[in-house]
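Student: This one is input19.txt, compact mmCIF, C-alpha atoms and all ligand atoms.
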# COMPACT_ATOMS: atom_id res chain seq x y z
CA MET Z 1 204.59 2.72 56.89
CA SER Z 2 201.82 3.05 59.38
CA PHE Z 3 199.85 5.85 60.84
CA PHE Z 4 197.60 6.54 63.77
CA ARG Z 5 194.48 4.52 63.33
CA SER Z 6 191.35 5.56 65.13
CA GLY Z 7 189.77 2.13 64.63
CA VAL Z 8 186.88 1.69 67.01
CA ARG Z 9 186.99 5.31 68.03
CA SER Z 10 185.80 6.39 64.67
CA GLY Z 11 183.06 3.78 64.89
CA VAL Z 12 181.86 4.35 68.44
CA PHE Z 13 182.19 8.07 68.62
CA ASN Z 14 181.36 9.21 65.13
CA ARG Z 15 178.89 11.98 65.33
CA PHE Z 16 176.62 12.70 62.45
CA ARG Z 17 175.06 15.90 63.72
CA PHE Z 18 174.92 17.67 60.46
CA ALA Z 19 175.31 21.40 60.28
CA GLY Z 20 177.40 23.56 58.08
CA ARG Z 21 175.98 26.99 57.53
CA ARG Z 22 178.98 28.56 59.15
CA SER Z 23 182.37 28.64 57.60
CA LEU Z 24 183.73 25.13 57.57
CA PHE Z 25 187.25 26.18 58.28
CA PHE Z 26 188.65 28.20 61.12
CA ASN Z 27 191.94 29.44 62.28
CA ALA Z 28 192.96 27.55 65.38
CA ALA Z 29 195.42 30.31 66.19
CA ALA Z 30 192.73 32.97 66.43
CA SER Z 31 193.47 33.79 70.04
CA SER Z 32 196.55 31.80 70.80
CA THR Z 33 200.04 32.72 69.82
CA GLN Z 34 201.23 29.20 70.60
CA LEU Z 35 199.16 27.25 68.10
CA VAL Z 36 199.79 27.54 64.39
CA GLY Z 37 196.97 28.57 62.09
CA SER Z 38 195.30 25.89 59.96
CA SER Z 39 195.14 26.55 56.27
CA SER Z 40 191.75 27.65 55.03
CA MET Z 41 191.13 24.40 53.11
CA PRO Z 42 192.55 20.94 53.72
CA HIS Z 43 194.83 19.80 50.94
CA ILE Z 44 193.10 16.65 49.66
CA VAL Z 45 194.43 14.11 47.15
CA PRO Z 46 192.28 14.18 43.98
CA SER Z 47 191.01 10.61 44.43
CA LEU Z 48 189.38 11.54 47.77
CA ILE Z 49 187.82 14.86 46.75
CA PRO Z 50 184.46 13.41 45.52
CA TYR Z 51 184.10 11.40 48.74
CA ILE Z 52 184.92 14.33 51.06
CA MET Z 53 182.66 16.68 49.09
CA ALA Z 54 179.77 14.19 49.25
CA LEU Z 55 180.34 13.84 52.99
CA LEU Z 56 180.20 17.60 53.54
CA LEU Z 57 177.21 18.08 51.23
CA ALA Z 58 175.31 15.38 53.07
CA SER Z 59 176.20 17.12 56.32
CA ALA Z 60 175.13 20.56 55.17
CA ASN Z 61 171.71 19.28 54.03
CA ASP Z 62 170.86 17.51 57.21
CA ASN Z 63 170.35 19.92 60.06
CA GLU Z 64 170.32 23.64 59.65
CA ASN Z 65 169.47 24.35 63.28
CA CYS Z 66 172.43 22.63 64.85
CA ASP Z 67 174.67 25.09 66.66
CA ASP Z 68 178.09 24.71 65.12
CA MET Z 69 179.74 27.03 67.61
CA GLU Z 70 179.69 24.50 70.42
CA HIS Z 71 182.16 22.49 68.35
CA ILE Z 72 184.61 25.30 67.82
CA VAL Z 73 187.13 26.11 70.49
CA ALA Z 74 187.94 29.74 69.75
CA SER Z 75 190.76 29.75 72.24
CA PRO Z 76 192.20 26.25 72.78
CA PRO Z 77 193.64 26.01 76.33
CA LEU Z 78 196.79 24.51 74.87
CA GLU Z 79 200.37 25.52 74.35
CA VAL Z 80 202.94 23.87 72.10
CA TYR Z 81 206.34 23.85 73.76
CA SER Z 82 209.77 22.44 73.25
CA ARG Z 83 210.40 19.56 75.60
CA GLN Z 84 213.83 19.09 77.11
CA THR Z 85 213.39 15.70 78.79
CA PRO Z 86 212.76 12.78 78.80
CA ASN Z 87 212.15 12.74 75.06
CA ALA Z 88 213.20 15.75 73.06
CA GLY Z 89 210.91 17.37 70.54
CA MET Z 90 207.74 19.34 70.85
CA ALA Z 91 204.78 18.57 73.08
CA VAL Z 92 201.49 20.18 74.03
CA LYS Z 93 200.63 21.28 77.54
CA ALA Z 94 197.59 22.78 79.22
CA SER Z 95 197.74 26.56 79.36
CA ARG Z 96 195.18 26.59 82.22
CA ASP Z 97 193.40 24.09 84.45
CA ILE Z 98 191.09 21.89 82.40
CA ARG Z 99 187.99 20.02 83.55
CA ARG Z 100 187.23 16.43 82.62
CA GLY Z 101 185.03 16.33 79.53
CA GLU Z 102 186.17 19.69 78.13
CA LEU Z 103 186.60 19.91 74.38
CA LEU Z 104 190.17 21.17 73.99
CA ILE Z 105 190.53 21.62 70.29
CA SER Z 106 188.50 20.89 67.20
CA GLU Z 107 190.67 21.12 64.14
CA HIS Z 108 190.36 20.72 60.38
CA PRO Z 109 193.04 18.62 58.72
CA LEU Z 110 195.88 20.22 56.91
CA LEU Z 111 196.32 17.23 54.56
CA ILE Z 112 194.14 14.28 53.56
CA TRP Z 113 195.61 11.44 51.51
CA GLN Z 114 195.38 7.72 50.83
CA GLU Z 115 197.96 5.10 51.58
CA GLY Z 116 199.53 3.29 48.65
CA MET Z 117 199.83 6.32 46.37
CA SER Z 118 202.74 6.23 43.96
CA LYS Z 119 205.73 8.50 44.44
CA THR Z 120 204.78 10.37 41.25
CA ASP Z 121 201.22 11.01 42.43
CA LEU Z 122 202.46 12.05 45.85
CA ARG Z 123 204.95 14.47 44.31
CA GLN Z 124 202.37 15.99 41.98
CA TRP Z 125 200.05 16.47 44.93
CA THR Z 126 202.54 17.88 47.43
CA ASP Z 127 204.03 20.20 44.77
CA GLN Z 128 200.67 21.97 44.82
CA LEU Z 129 200.69 22.71 48.54
CA THR Z 130 200.09 26.35 49.38
CA PRO Z 131 203.10 28.08 50.95
CA SER Z 132 201.40 28.14 54.37
CA ALA Z 133 200.47 24.44 54.20
CA ARG Z 134 204.02 23.60 53.16
CA LYS Z 135 205.41 25.66 56.01
CA ALA Z 136 203.10 24.01 58.56
CA LEU Z 137 203.86 20.54 57.17
CA PHE Z 138 207.62 20.91 57.13
CA SER Z 139 207.64 22.37 60.65
CA LEU Z 140 206.30 19.06 62.04
CA SER Z 141 208.57 16.33 63.36
CA GLN Z 142 209.73 13.51 61.12
CA ARG Z 143 210.73 9.93 61.69
CA SER Z 144 214.44 9.29 61.67
CA ASP Z 145 214.51 5.62 62.69
CA ALA Z 146 216.09 2.90 60.55
CA LEU Z 147 212.74 1.49 59.39
CA ALA Z 148 211.59 4.81 57.98
CA ILE Z 149 214.92 5.46 56.30
CA GLU Z 150 214.97 1.97 54.78
CA ALA Z 151 211.48 2.54 53.44
CA GLU Z 152 212.72 5.50 51.41
CA ASP Z 153 213.89 3.13 48.69
CA LYS Z 154 210.36 1.98 48.12
CA ASP Z 155 208.17 3.33 45.39
CA ASN Z 156 205.55 5.19 47.41
CA VAL Z 157 207.88 7.33 49.50
CA ASP Z 158 208.42 11.00 48.75
CA GLU Z 159 210.11 13.75 50.75
CA THR Z 160 207.04 14.26 52.92
CA ALA Z 161 206.77 10.55 53.82
CA ARG Z 162 208.67 10.64 57.09
CA ILE Z 163 206.66 13.67 58.25
CA ARG Z 164 203.36 12.07 57.24
CA SER Z 165 204.38 8.83 58.89
CA ALA Z 166 205.22 10.51 62.21
CA ASN Z 167 202.14 12.74 62.29
CA GLY Z 168 199.32 11.21 60.27
CA PHE Z 169 196.11 9.69 61.65
CA GLU Z 170 194.77 6.83 59.57
CA LEU Z 171 191.00 6.82 60.09
CA GLU Z 172 188.23 4.50 59.01
CA LEU Z 173 185.88 6.48 56.78
CA PRO Z 174 182.14 6.51 57.45
CA ALA Z 175 179.64 5.28 54.90
CA ILE Z 176 178.09 8.39 53.41
CA PRO Z 177 174.35 9.02 53.32
CA LEU Z 178 174.62 9.76 49.61
CA PRO Z 179 173.02 12.96 48.38
CA PHE Z 180 172.88 11.73 44.77
CA ASN Z 181 170.87 8.90 43.38
CA GLY Z 182 172.76 6.29 41.49
CA ARG Z 183 176.01 8.21 41.24
CA LEU Z 184 178.16 6.83 43.96
CA PRO Z 185 181.39 8.58 44.74
CA PRO Z 186 184.24 6.15 45.35
CA GLN Z 187 183.97 4.75 48.88
CA PRO Z 188 187.46 4.20 50.22
CA SER Z 189 187.62 2.52 53.64
CA TYR Z 190 190.51 4.45 55.12
CA ALA Z 191 192.22 7.77 54.61
CA SER Z 192 195.06 9.52 56.40
CA PHE Z 193 194.78 12.93 58.02
CA LEU Z 194 197.40 15.31 59.31
CA PHE Z 195 196.75 18.29 61.61
CA ALA Z 196 198.89 21.35 62.20
CA ASN Z 197 198.26 21.43 65.96
CA ILE Z 198 196.84 18.08 67.06
CA SER Z 199 199.81 16.35 65.40
CA ARG Z 200 201.96 17.95 68.12
CA ILE Z 201 200.31 15.87 70.85
CA ASN Z 202 202.46 13.02 72.14
CA HIS Z 203 201.43 9.46 72.84
CA SER Z 204 200.89 8.04 76.34
CA CYS Z 205 199.86 4.55 77.40
CA LEU Z 206 197.85 6.35 80.12
CA PRO Z 207 196.53 9.22 78.03
CA SER Z 208 194.89 12.27 79.54
CA CYS Z 209 192.70 12.83 76.49
CA GLY Z 210 190.57 11.01 73.97
CA HIS Z 211 190.14 11.97 70.34
CA ALA Z 212 187.38 11.40 67.82
CA MET Z 213 186.61 12.61 64.33
CA ASP Z 214 183.45 14.61 63.81
CA TRP Z 215 182.87 13.67 60.19
CA SER Z 216 180.01 16.07 59.66
CA ARG Z 217 182.39 18.96 60.25
CA LEU Z 218 185.56 17.23 59.17
CA ARG Z 219 187.17 18.13 62.47
CA LEU Z 220 189.23 16.03 64.81
CA GLU Z 221 188.20 16.75 68.39
CA VAL Z 222 190.35 16.19 71.46
CA PHE Z 223 188.59 15.86 74.83
CA ALA Z 224 189.98 15.86 78.36
CA MET Z 225 189.23 12.50 79.95
CA ARG Z 226 190.24 13.63 83.42
CA ASP Z 227 190.93 16.93 85.14
CA ILE Z 228 194.23 18.33 83.86
CA GLN Z 229 196.30 20.93 85.66
CA GLN Z 230 197.85 23.96 84.03
CA GLY Z 231 201.29 22.99 82.67
CA GLU Z 232 200.52 19.25 82.44
CA ASP Z 233 201.20 17.48 79.17
CA ILE Z 234 198.28 16.65 76.92
CA SER Z 235 198.47 13.09 75.60
CA ILE Z 236 196.46 10.71 73.46
CA GLU Z 237 196.87 7.06 72.51
CA TYR Z 238 198.27 6.53 69.02
CA ILE Z 239 197.26 2.89 68.56
CA PRO Z 240 194.05 1.14 69.57
CA GLN Z 241 194.08 -2.01 71.70
CA LEU Z 242 197.19 -1.12 73.69
CA ILE Z 243 195.11 -1.41 76.84
CA THR Z 244 195.34 -5.21 76.91
CA LEU Z 245 199.06 -5.40 76.07
CA PRO Z 246 201.91 -5.69 78.58
CA SER Z 247 204.56 -2.97 78.55
CA GLN Z 248 207.10 -4.77 76.37
CA GLU Z 249 204.52 -5.63 73.72
CA ARG Z 250 203.26 -2.05 73.71
CA LYS Z 251 206.79 -0.77 73.28
CA ASP Z 252 207.46 -3.20 70.44
CA LYS Z 253 204.26 -2.24 68.69
CA LEU Z 254 204.90 1.49 68.96
CA LYS Z 255 208.47 0.99 67.78
CA SER Z 256 207.52 -1.08 64.75
CA THR Z 257 204.61 1.18 63.84
CA PHE Z 258 206.04 4.62 64.52
CA GLY Z 259 209.74 4.04 65.07
CA PHE Z 260 209.98 5.54 68.57
CA ASP Z 261 210.80 4.05 71.97
CA CYS Z 262 207.86 4.94 74.16
CA ALA Z 263 208.96 7.22 76.98
CA CYS Z 264 205.52 7.93 78.41
CA ALA Z 265 205.12 8.18 82.20
CA LEU Z 266 203.89 4.58 82.50
CA CYS Z 267 206.59 3.05 80.28
CA SER Z 268 209.25 5.03 82.18
CA SER Z 269 208.09 3.85 85.61
CA SER Z 270 209.80 1.33 87.92
CA PRO Z 271 209.80 -2.43 87.21
CA ASP Z 272 207.41 -2.92 90.15
CA VAL Z 273 204.88 -0.45 88.81
CA LEU Z 274 205.17 -1.95 85.33
CA GLN Z 275 204.64 -5.43 86.69
CA GLN Z 276 201.44 -4.37 88.46
CA SER Z 277 200.25 -2.61 85.35
CA ASP Z 278 201.02 -5.64 83.14
CA LYS Z 279 199.02 -7.82 85.52
CA ARG Z 280 196.01 -5.51 85.34
CA ARG Z 281 196.20 -5.39 81.55
CA GLU Z 282 196.27 -9.19 81.41
CA GLN Z 283 193.14 -9.26 83.61
CA LEU Z 284 191.50 -6.81 81.23
CA LYS Z 285 192.30 -9.08 78.31
CA VAL Z 286 190.71 -12.06 80.07
CA SER Z 287 187.65 -10.07 81.17
CA SER Z 288 187.03 -8.46 77.79
CA ARG Z 289 187.39 -11.83 76.01
CA SER Z 290 184.94 -13.42 78.41
CA LEU Z 291 182.32 -10.87 77.36
CA PHE Z 292 182.46 -12.01 73.79
CA GLY Z 293 180.39 -15.05 72.92
CA ALA Z 294 180.76 -16.67 76.34
CA GLY Z 295 177.03 -16.96 76.88
CA LEU Z 296 177.04 -14.78 80.00
CA ASN Z 297 173.67 -13.82 81.37
CA ARG Z 298 172.75 -10.20 81.92
CA GLN Z 299 173.84 -10.19 85.56
CA GLN Z 300 177.20 -11.79 84.79
CA MET Z 301 177.77 -9.37 81.96
CA ILE Z 302 177.17 -6.35 84.16
CA GLY Z 303 179.47 -7.89 86.77
CA GLU Z 304 182.22 -8.31 84.16
CA MET Z 305 181.76 -4.74 82.92
CA GLU Z 306 181.98 -3.48 86.48
CA ARG Z 307 185.16 -5.52 86.97
CA ILE Z 308 186.69 -3.94 83.85
CA ARG Z 309 185.75 -0.51 85.11
CA THR Z 310 187.46 -1.13 88.46
CA ILE Z 311 190.65 -2.47 86.86
CA LEU Z 312 190.80 0.49 84.47
CA SER Z 313 190.32 2.86 87.37
CA ASP Z 314 193.12 1.15 89.36
CA GLU Z 315 195.32 1.44 86.30
CA GLY Z 316 194.56 5.17 86.11
CA TYR Z 317 193.28 4.72 82.56
CA ASN Z 318 190.57 7.27 81.85
CA VAL Z 319 189.83 7.08 78.13
CA LEU Z 320 187.40 4.54 76.74
CA PRO Z 321 189.41 1.42 75.92
CA GLU Z 322 189.50 -0.32 72.60
CA PHE Z 323 189.50 -4.08 73.09
CA GLU Z 324 190.22 -6.75 70.49
CA GLN Z 325 186.50 -7.11 69.83
CA GLU Z 326 184.91 -3.93 68.51
CA ASN Z 327 181.51 -4.96 69.91
CA VAL Z 328 182.94 -5.28 73.40
CA SER Z 329 184.39 -1.76 73.16
CA LYS Z 330 181.05 -0.41 72.02
CA ALA Z 331 179.17 -2.27 74.74
CA TYR Z 332 181.59 -1.04 77.38
CA ALA Z 333 181.28 2.57 76.17
CA MET Z 334 177.51 2.24 76.41
CA PHE Z 335 177.74 0.64 79.85
CA VAL Z 336 179.85 3.53 81.14
CA GLN Z 337 177.44 6.05 79.70
CA MET Z 338 174.36 4.34 81.14
CA ARG Z 339 176.04 3.82 84.48
CA GLY Z 340 176.96 7.52 84.53
CA ASN Z 341 173.28 8.37 84.35
CA TYR Z 342 172.82 6.83 87.78
CA ILE Z 343 175.80 8.40 89.43
CA LYS Z 344 175.91 11.96 90.59
CA ASP Z 345 178.73 14.00 89.16
CA GLY Z 346 181.86 13.61 91.27
CA GLU Z 347 180.96 10.27 92.82
CA ASP Z 348 182.37 8.25 89.95
CA ARG Z 349 186.04 7.38 90.25
C1 LIG T 401 202.76 13.21 66.26
S1 LIG T 401 204.37 13.57 66.72
C2 LIG T 401 204.14 14.30 68.29
C3 LIG T 401 204.84 15.61 68.40
C4 LIG T 401 206.32 15.54 68.35
N1 LIG T 401 206.88 15.19 69.68
C5 LIG T 401 206.96 16.80 67.85
O1 LIG T 401 208.08 17.12 68.26
O2 LIG T 401 206.36 17.44 66.99
C6 LIG T 401 204.97 11.95 67.01
C7 LIG T 401 206.43 11.89 67.37
O3 LIG T 401 206.62 12.37 68.71
C8 LIG T 401 207.49 11.52 69.44
N2 LIG T 401 206.71 10.88 70.49
C9 LIG T 401 205.39 10.94 70.69
N3 LIG T 401 204.99 10.27 71.77
C10 LIG T 401 206.10 9.72 72.29
C11 LIG T 401 206.35 8.88 73.41
N4 LIG T 401 205.38 8.45 74.21
N5 LIG T 401 207.63 8.50 73.65
C12 LIG T 401 208.64 8.91 72.85
N6 LIG T 401 208.46 9.71 71.77
C13 LIG T 401 207.22 10.11 71.48
C14 LIG T 401 208.02 10.50 68.45
O4 LIG T 401 209.22 10.99 67.94
C15 LIG T 401 206.95 10.48 67.38
O5 LIG T 401 207.47 10.12 66.12
Have the structure of the file written as structure tokens, please.
Ligand SMILES: C[S@@+](CC[C@H](N)C(=O)[O-])C[C@H]1O[C@@H](n2cnc3c(N)ncnc32)[C@H](O)[C@@H]1O

Tutor:
Amino acid sequence: MSFFRSGVRSGVFNRFRFAGRRSLFFNAAASSTQLVGSSSMPHIVPSLIPYIMALLLASANDNENCDDMEHIVASPPLEVYSRQTPNAGMAVKASRDIRRGELLISEHPLLIWQEGMSKTDLRQWTDQLTPSARKALFSLSQRSDALAIEAEDKDNVDETARIRSANGFELELPAIPLPFNGRLPPQPSYASFLFANISRINHSCLPSCGHAMDWSRLRLEVFAMRDIQQGEDISIEYIPQLITLPSQERKDKLKSTFGFDCACALCSSSPDVLQQSDKRREQLKVSSRSLFGAGLNRQQMIGEMERIRTILSDEGYNVLPEFEQENVSKAYAMFVQMRGNYIKDGEDR
């Protein structure tokens, strides 16, 4: 079973702006009838509680003056709706026009768990869900593909497995600036997170939004990476490194990881469009590889970065890409940011 993995995103975009005087948990539904409310506390497996507590304590100690409110979207401009075509199920759309860069939602997880737990441990844990958490969890979609059903015979699969598998984000955990001397909490490398609202957002190979975990607040944030019109679908990318894969390989990967046949706008386009897109993605693979260890001088490196930027723009890909090499992704993110400092708003493509 696999889950969304933030990979580089959690590395590049982690923000450790510590705050925490305000209530850590909020109700995402405060002023929207369309979004469900988050439970007041995430439901965390016992093995992860010391780690999460240490993370939040470290955050609370760090910066009392940081304004937490800028990270809370009191009224997310989002609407969950039931999609008729092309793929059934629920989706999220913009409830008003959205500007590039807007923070759309910042949400605490409903559940936090670790992969590889035994069925018994999973059952003990999920039996303790509050009625509202249970309701939110069981209202989410679940996998129904052959792989997921086959996996039910295995030891670590309980009745929530197909829901967790369809909706969970597996994220790399940050190293904690430990508040205690000598008493290290266990430091797992990954944990899985599920969100009542964000888990409704569908995947696209040309996503309109990026997402990143703000570990200091334990919130997943979703940002618009381009202007979005009222009524347009909100989408994110479920798997890193899809940007350098041709359409068939992307489809295969999404199918084997999540069990669905990708029906995003790009994957549903004509063979001609797909061929052009595959060609651009191949060029991106070559360019990004050439940045790594090829002994390019500064000028050549900037040229290659610029080339990547142009190809991405032609592809209509607006989020920051995750290449095979994490360092290349980080360098490209920095390049885009630095370049942006020299370009007046609106001039950039
Ligand atoms: C995290 S949920 C997204 C919300 C979901 N559509 C719902 O009804 O709640 C993931 C599931 O949505 C569907 N899905 C998401 N993106 C898709 C895509 N690009 N193509 C086809 N199905 C997709 C798949 O069934 C997948 O297992």

Student: May I have the centre and edge lengths, in Å to one decimal, of an axis-aligned box around the listed atoms of stretch 104-122 of chain Z with 4 Å added to every side, as AutoDock Vina command-line options?

Tutor:
--center_x 197.1 --center_y 12.5 --center_z 57.6 --size_x 25.2 --size_y 26.3 --size_z 40.7

Student: Kindly compile the residues surrounding ligand LIG 401 (chain T) within 9 Å, counting all atoms listed in the file, and format them as a ChimeraX atom specification.

Tutor: /Z:4,80-83,86-92,139-144,163,165-169,198-205,235-238,254,258-265,267

Student: Keeping only C-alpha atoms, write the selected residues as a compact mmCIF listing (two decimals), in the coordinates of the input.

Tutor:
# COMPACT_ATOMS: atom_id res chain seq x y z
CA PHE Z 4 197.60 6.54 63.77
CA VAL Z 80 202.94 23.87 72.10
CA TYR Z 81 206.34 23.85 73.76
CA SER Z 82 209.77 22.44 73.25
CA ARG Z 83 210.40 19.56 75.60
CA PRO Z 86 212.76 12.78 78.80
CA ASN Z 87 212.15 12.74 75.06
CA ALA Z 88 213.20 15.75 73.06
CA GLY Z 89 210.91 17.37 70.54
CA MET Z 90 207.74 19.34 70.85
CA ALA Z 91 204.78 18.57 73.08
CA VAL Z 92 201.49 20.18 74.03
CA SER Z 139 207.64 22.37 60.65
CA LEU Z 140 206.30 19.06 62.04
CA SER Z 141 208.57 16.33 63.36
CA GLN Z 142 209.73 13.51 61.12
CA ARG Z 143 210.73 9.93 61.69
CA SER Z 144 214.44 9.29 61.67
CA ILE Z 163 206.66 13.67 58.25
CA SER Z 165 204.38 8.83 58.89
CA ALA Z 166 205.22 10.51 62.21
CA ASN Z 167 202.14 12.74 62.29
CA GLY Z 168 199.32 11.21 60.27
CA PHE Z 169 196.11 9.69 61.65
CA ILE Z 198 196.84 18.08 67.06
CA SER Z 199 199.81 16.35 65.40
CA ARG Z 200 201.96 17.95 68.12
CA ILE Z 201 200.31 15.87 70.85
CA ASN Z 202 202.46 13.02 72.14
CA HIS Z 203 201.43 9.46 72.84
CA SER Z 204 200.89 8.04 76.34
CA CYS Z 205 199.86 4.55 77.40
CA SER Z 235 198.47 13.09 75.60
CA ILE Z 236 196.46 10.71 73.46
CA GLU Z 237 196.87 7.06 72.51
CA TYR Z 238 198.27 6.53 69.02
CA LEU Z 254 204.90 1.49 68.96
CA PHE Z 258 206.04 4.62 64.52
CA GLY Z 259 209.74 4.04 65.07
CA PHE Z 260 209.98 5.54 68.57
CA ASP Z 261 210.80 4.05 71.97
CA CYS Z 262 207.86 4.94 74.16
CA ALA Z 263 208.96 7.22 76.98
CA CYS Z 264 205.52 7.93 78.41
CA ALA Z 265 205.12 8.18 82.20
CA CYS Z 267 206.59 3.05 80.28

Student: Skipping near chain neighbours, those fewer than 6 positions away, what residues fall within 7 Å of Z:Ser95 using all atoms listed in the file, listed as a list in words?

Tutor: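 So the residues in contact are Pro77, Leu78, Glu79, Gln230 and Gly231 of chain Z.
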
Student: Have a look at Z:Ile52, Z:Glu326, Z:Arg123, Z:Arg162 and name the one nearest to Z:Leu147; count all atoms listed in the file.

Tutor: Z:Arg162

Student: For atom CA of Z:Ile176 and atom CA of Z:His211, quote the distance in Å rounded to one decimal.

Tutor: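 Separating atom CA of Z:Ile176 from atom CA of Z:His211 is a distance of 21.1 Å.
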
Student: Find, counting all atoms listed in the file, the residue in Z:Ile234, Z:Ala333, Z:Met41, Z:Ala54 that gets nearest to Z:Ala175.

Tutor: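 Residue with the minimum atom-to-atom distance to Z:Ala175: Z:Ala54.
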
Student: One decimal, in Å: what's the spacing between atom CA of Z:Ala74 and atom CA of Z:Leu171?

Tutor: 25.1 Å

Student: Would you mind telling me which residue in Z:Asp214, Z:Glu150, Z:Glu172, Z:Asp227 lies nearest to Z:Arg99 when using all atoms listed in the file?

Tutor: Z:Asp227

Student: Mind giving me the straight-line distance from atom CA of Z:Pro188 to atom CA of Z:Leu173 in Å, one decimal?

Tutor: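 Going from atom CA of Z:Pro188 over to atom CA of Z:Leu173, I get 7.1 Å.
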
Student: Taking into account only C-alpha atoms, which residue in the set Z:Arg134, Z:His108, Z:Lys255, Z:Arg226 is nearest to Z:Asn197?

Tutor: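 With only C-alpha atoms as the atom set, the closest residue is Z:His108.
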
Student: Which residue gives the smallest distance to Z:Ala94 among Z:Ser208, Z:Thr160, Z:Thr126, Z:Asn297, with all atoms listed in the file counted?

Tutor: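 Going through Z:Ser208, Z:Thr160, Z:Thr126, Z:Asn297 one by one, the smallest distance to Z:Ala94 is for Z:Ser208.
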
Student: Which residues, written as an mmCIF file with C-alpha atoms, keeping the file's coordinate frame, have at least one atom at most 7 Å from stretch 308-311 of chain Z, with all atoms listed in the file counted and residues fewer than 2 positions away on the same chain left out?

Tutor:
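Saved the output as result.cif:
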data_model
loop_
_atom_site.group_PDB
_atom_site.id
_atom_site.type_symbol
_atom_site.label_atom_id
_atom_site.label_comp_id
_atom_site.auth_asym_id
_atom_site.auth_seq_id
_atom_site.Cartn_x
_atom_site.Cartn_y
_atom_site.Cartn_z
ATOM 1 C CA ARG Z 280 196.010 -5.510 85.340
ATOM 2 C CA LEU Z 284 191.500 -6.810 81.230
ATOM 3 C CA SER Z 287 187.650 -10.070 81.170
ATOM 4 C CA GLU Z 304 182.220 -8.310 84.160
ATOM 5 C CA MET Z 305 181.760 -4.740 82.920
ATOM 6 C CA GLU Z 306 181.980 -3.480 86.480
ATOM 7 C CA SER Z 313 190.320 2.860 87.370
ATOM 8 C CA ASP Z 314 193.120 1.150 89.360
ATOM 9 C CA GLU Z 315 195.320 1.440 86.300
#

Student: Got a sec: who's within 12 Å of stretch 272-275 of chain Z, counting all atoms listed in the file, leaving out chain neighbours fewer than 2 positions off, as a ChimeraX atom specification?

Tutor: /Z:205,245-248,250,265-270,277-282,314-315

Student: Residues proximal to (184.8, 11.6, 45.9) were defined as those with any atom within 9 Å of that point in the file's coordinates, counting only C-alpha atoms. Which are they, as a PyMOL selection string?

Tutor: chain Z and resi 46-55+184-188

Student: Looking at Z:Thr244, Z:Trp113, Z:Glu322, Z:Ile302, which one is nearest to Z:Val286, with distances taken over all atoms listed in the file?

Tutor: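 The answer is Z:Thr244, which sits nearest to Z:Val286.
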